[in-house]
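I have placed the structure first, in the form of structure tokens, so that the comments after it can refer back to it.
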Amino acid sequence: MPDSKLINGFLIGTMAIAVAGAAMAQQPPQQRAQSAKQDAPQQAKIDGTIFHAQVLLDRAGFSPGVIDGEKGISFTWAVKGFQEARGLKVSGELDQATRQALLQDRSPSVRRLRIDESDAAGPFVGTIPKKPAEQAKMKRLGYRNLLEKLAEKFHTSPATIIALNDPRQILKAGTVLVLPNVLPSSRSYEGVQSEEARLLSDLNISGSQPKASRVVVDKSDKVVRVLGEGDKLIAQFPATMGSARDPLPLGNWKVNSVAFNPPFKYQPQLFWDVKDSEEEQLLPPGPNGPVGVIWIDLNKEHIGIHGTNSPETIKRAESHGCVRLTNWDAARLSQMIEDGMQVVFQA
């Protein structure tokens, strides 16, 4: 017999989302549109059950990518990874057994949190030019605005934050928001410098991560699997990897090093879709840089596992041969691996 308390807990965890959505529905459409227009993204449609499952999957290390309450391909593969790791029937469906296993973590789907002064202070860079030559003139490819920063910090999208809250609110220090409950169990980061620890904390990455024995990048499933002792699956992340013109370089590689907030050397000759006549540029670091906030360097020239400035495109786009994760997933992976670890790229 199913545990009714667990099932009820799953539903109760989504109640705040339903209330927030109902409150917005009562606002005049014109008012909602004007509020949303200030931050560009439109209000998202959220399935509360999927949303809560995404939060719990994220907390368990089986990333659904962007937490948005939508049952997309990244969610399905996250469920499959979780099911495999827990010895459940691997279907990709949120069945009774999977719900009960997820609900061993009794965390609610959302938290009401006050915007911290350090987050609100920025600095924010506003509009980012498209041309690399113009980007190279910037001091940092930082967040455009506070909404974008909060979305990345809580592993979601600007549109989802708008949907969870009253869009009439002014985002500033002290504003209370309903946000995905991805707060980490620990903010104690051993073996990293203070700036790196700050980055991990800003992305709500827990300091207590399981340690990997090797990493497998699966081209067919478009996921990065993290294997622990006895080749047990301990984490999984959706990924973008390669393209027809720049295929994923299959083979066995090793981790050379991990760089936090790396600058990016823009070399036109490495990109088939860029004219070689363009000049090389050194782009500044930041979450909106081409490789995001993490570069995991491999012993294959010009190839690495890294973050992205477009988390919503993960598993839905192509790369120039590298493996691209959301910034928060790349940061989490960086805490599971070590230099010299095997990384397998397989078909």
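Please note that chains go A, B, ... in the order of the structure tokens, that every chain numbers its residues from 1, and that ligands are numbered from 1 in the order shown.
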Pick out the residues sitting within 8 Å of stretch 142-155 of chain A, and hand them over as a PyMOL selection string; count only C-alpha atoms, and ignore anything fewer than 6 positions along from it in its own chain.
-> chain A and resi 39+65-67+119-120+122-128+161+171+179-183+202-204+285-289+327-328
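Coordinates place atom CA of A:Lys80 at a distance of 14.3 Å from atom CA of A:Ile50.
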Tell me, which residues of stretch 44-114 of chain A carry DSSP helix (DSSP H, G or I), written as a count of residues only?
-> 33
Where in stretch 96-332 of chain A does DSSP assign strand (DSSP E), given as a PyMOL selection string?
-> chain A and resi 110-114+176-180+214-218+223-227+233-238+240-241+251-260+264-266+281-283+294-298+304-306+323-324
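When only C-alpha atoms are used to measure the gap to A:Pro238, the shortest distance among A:Lys315, A:Arg86, A:Lys254, A:Lys137 belongs to A:Lys315.
Non-sequential neighbours of A:Phe260 (distance at most 8 Å, separation of 4 or more positions within a chain, only C-alpha atoms) are Glu196, Val293, Ile294 and Trp295 of chain A.
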What does the file look like for those residues with N, CA and C atoms, as an mmCIF file, in the first residue's frame?
```cif
data_model
loop_
_atom_site.group_PDB
_atom_site.id
_atom_site.type_symbol
_atom_site.label_atom_id
_atom_site.label_comp_id
_atom_site.auth_asym_id
_atom_site.auth_seq_id
_atom_site.Cartn_x
_atom_site.Cartn_y
_atom_site.Cartn_z
ATOM 1 N N GLU A 196 36.378 31.133 -5.015
ATOM 2 C CA GLU A 196 35.719 29.946 -5.560
ATOM 3 C C GLU A 196 34.581 29.508 -4.654
ATOM 4 N N VAL A 293 30.894 29.866 -15.853
ATOM 5 C CA VAL A 293 31.745 30.118 -14.686
ATOM 6 C C VAL A 293 32.704 28.972 -14.361
ATOM 7 N N ILE A 294 32.620 27.878 -15.120
ATOM 8 C CA ILE A 294 33.491 26.722 -14.848
ATOM 9 C C ILE A 294 34.051 26.173 -16.162
ATOM 10 N N TRP A 295 35.343 25.895 -16.179
ATOM 11 C CA TRP A 295 35.972 25.181 -17.290
ATOM 12 C C TRP A 295 36.729 23.990 -16.711
#
```
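Shortest separation to A:Ala173 among A:Leu282, A:Ile115, A:Leu298, A:Ile303 occurs at residue A:Ile115, atoms counted being only C-alpha atoms.
Shortest separation to A:His302 among A:Glu278, A:Asp246, A:Glu84, A:Asp339 occurs at residue A:Asp246, atoms counted being only C-alpha atoms.
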Would you please work out which residue, of A:Thr308, A:Leu177, A:Arg140, A:Gln236, is nearest to A:Leu57 when using only C-alpha atoms?
-> A:Gln236
The residue from A:Gln335, A:Thr326, A:Asn252, A:Asn261 with the smallest atom-to-atom distance to A:Pro64, counting only C-alpha atoms, is A:Thr326
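Each of A:Tyr189, A:Phe345, A:Trp253, A:Phe237 was compared to A:Asp329 using only C-alpha atoms, and A:Phe237 turns out to be the nearest.
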